[in-house]
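**Q** Sharing a structure below in structure tokens format, with a few things to ask.
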Amino acid sequence: MFPTLSTPCLLVEEPVLQRNLARAAAVATRAGCLLRPHIKTHKSPELALRQAKAGAAGFTCATIAEAAALFEAGLTDVFLAYPVVGEPAVAAFLELRRRGRLACAVDHADQVLSLARAARDAGLTVPVRLEIDCGHHRCGLPPGPALLELARLVAATPGLALEGVFTHAGHAYGARTPEALAAAGRQEGEAVVAAAALLREKAGLEVAVVSVGSTPTMTVSPFVAGVTEMRPGNYVFHDGIQVQLGVCGWEDAALSVLATVIAVFPDRVVIDAGSKAAGLDKGAHGLSLMPGYGHFPDHPEWVLGRLSEEHGVIDLPEPHEAGRPVRIGDRVRFVPNHACAVVNLHPALHLVAGDSLLASWKVTARR
């Protein structure tokens, strides 16, 4: 299996990838909103170019390095869904802003004032979006007086331009039923729409962008009336967490880790993919949803139960001699639990179709 590739490494099944890209574009079309996908999952300009070809109207990123990678690829309509804090970050952000359309997130007056001062000194105007807390309780403000006060400050501060509001339903990853997942999606859309209405009605502000962003809620939140944009990220690959949530099936998982068997025992198999290749997530945002650290499509009974840094230990349900034989040197592939974190551990994505290696893409924006 791909003997020219050194393991552990990442494989991306192209037919599945293309199907996932088309599905998100179709959802955006049906919802009547723009698709601005988040590239934190893949961190690859080559894949972003495919997303653009598939209908993306712009891109979302989580780091300035991701934004820079997009700009280098000629993709210069970018939203950094993160506050820009500290002199080095502000300087790097403004340098990119000179080269294209780059917006960022704010949820506090200190962020607003420091960024505005630097923007004015640089002779620039920075588009900003207010982050809304729709229930995840990470960053952002709920619709209410504090949000209204912050919006008025942005609107009155030279160097900044209020572009809109956005949110992320990270709490959807804690849903245990389809009904709970759908409720989180509705909550996501309704919170950001309510925030936009508040700013329009109470402050007379123009709110052009009303944005939602989460793969688990991708088929719900964009359909809330008033939402103008969706920003899913994980959908390009999916992973074990998405399958566990009921968002997709294993057949929709485009990303896998290719590993080599390095040791065989009656009760276990050891592979060369440990925590440095597969990550230690068993759920997003600190949750624990998965029984192990990966799913083996060709051996669904296997459990990747233990990870050391360079070793993965697969627990066998019965002695391997009684079932399909496993030999040292065999290659196996597994779907990781959390694609976004795993991609950040690898230098490249290898695009494949069946047994054919089509291309290798650098993971340019690792951190």
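By convention in this document, the chains of the structure tokens carry letters A, B, ... by their order, each chain's residues are numbered from 1, and ligands are numbered from 1 in the order they are shown.
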Name the residues in contact with Gly144 in chain A at a cut-off of 10 Å, using only C-alpha atoms, excluding same-chain residues fewer than 4 positions from it; report them as a PDB file with C-alpha atoms, in the first residue's frame.

**A**
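After the write, around_32.pdb holds the following:
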ATOM      1  CA  LEU A 148     -24.397  46.906  21.797  1.00  0.00           C
ATOM      2  CA  GLU A 149     -21.803  49.031  23.611  1.00  0.00           C
ATOM      3  CA  ALA A 194     -30.687  38.231  17.120  1.00  0.00           C
ATOM      4  CA  ALA A 195     -27.365  40.002  17.577  1.00  0.00           C
ATOM      5  CA  LEU A 198     -30.138  44.284  18.019  1.00  0.00           C
ATOM      6  CA  LEU A 199     -27.364  46.317  16.391  1.00  0.00           C
TER       7      LEU A 199
END

**Q** Using only C-alpha atoms, what does the table of range 215-314 of chain A residues within 6 Å of range 339-342 of chain A look like, with each row giving the shortest atom pair and its distance in Å to one decimal, sorted by chain and ascending number, as CSV?

**A**
residue,atom,partner,partner_atom,distance
A:Asp239,CA,A:Ala339,CA,5.7
A:Ala278,CA,A:Val342,CA,5.7
A:Gly279,CA,A:Val342,CA,5.7

**Q** Using only C-alpha atoms, which of the listed residues (A:Arg200, A:Arg186, A:His42, A:His108) sits closest to Pro216 in chain A?

**A**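 With only C-alpha atoms as the atom set, the closest residue is A:Arg186.
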
**Q** Hey, what does DSSP flag as helix (DSSP H, G or I) within range 96-333 of chain A? Can you give it to me as JSON, numbers by chain?

**A** {"A": [96, 97, 109, 110, 111, 112, 113, 114, 115, 116, 117, 118, 119, 120, 121, 145, 146, 147, 148, 149, 150, 151, 152, 153, 154, 155, 156, 170, 171, 172, 173, 174, 178, 179, 180, 181, 182, 183, 184, 185, 186, 187, 188, 189, 190, 191, 192, 193, 194, 195, 196, 197, 198, 199, 200, 201, 202, 203, 221, 222, 223, 234, 235, 236, 240, 241, 242, 243, 244, 245, 250, 251, 252, 275, 276, 277, 278, 284, 285, 286, 320, 321, 322]}

**Q** Just checking: using only C-alpha atoms, which residue out of A:Thr76, A:Ser256, A:Ser308, A:Asn234 ends up closest to Val270 in chain A?

**A**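 Once distances to Val270 in chain A are computed over only C-alpha atoms, the minimum belongs to A:Ser308.
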
**Q** Work out how far CA of Ala122 in chain A is from CA of Thr63 in chain A, in Å to one decimal.

**A** 21.0 Å

**Q** So how many Å separate CA of Pro336 in chain A and CA of Gln18 in chain A, to one decimal?

**A**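 Atom-to-atom, CA of Pro336 in chain A and CA of Gln18 in chain A are spaced 19.2 Å apart.
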
**Q** Of the candidates A:Leu316, A:Leu5, A:Ala353, A:Val227, which one gets nearest to Glu301 in chain A if we count only C-alpha atoms?

**A**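 Ranking A:Leu316, A:Leu5, A:Ala353, A:Val227 by distance to Glu301 in chain A, first place goes to A:Leu316.
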
**Q** Closest to Gly135 in chain A among A:Val192, A:Cys104, A:Leu345, A:Ala225, using only C-alpha atoms?

**A**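 So, comparing all the options, the nearest one is A:Val192.
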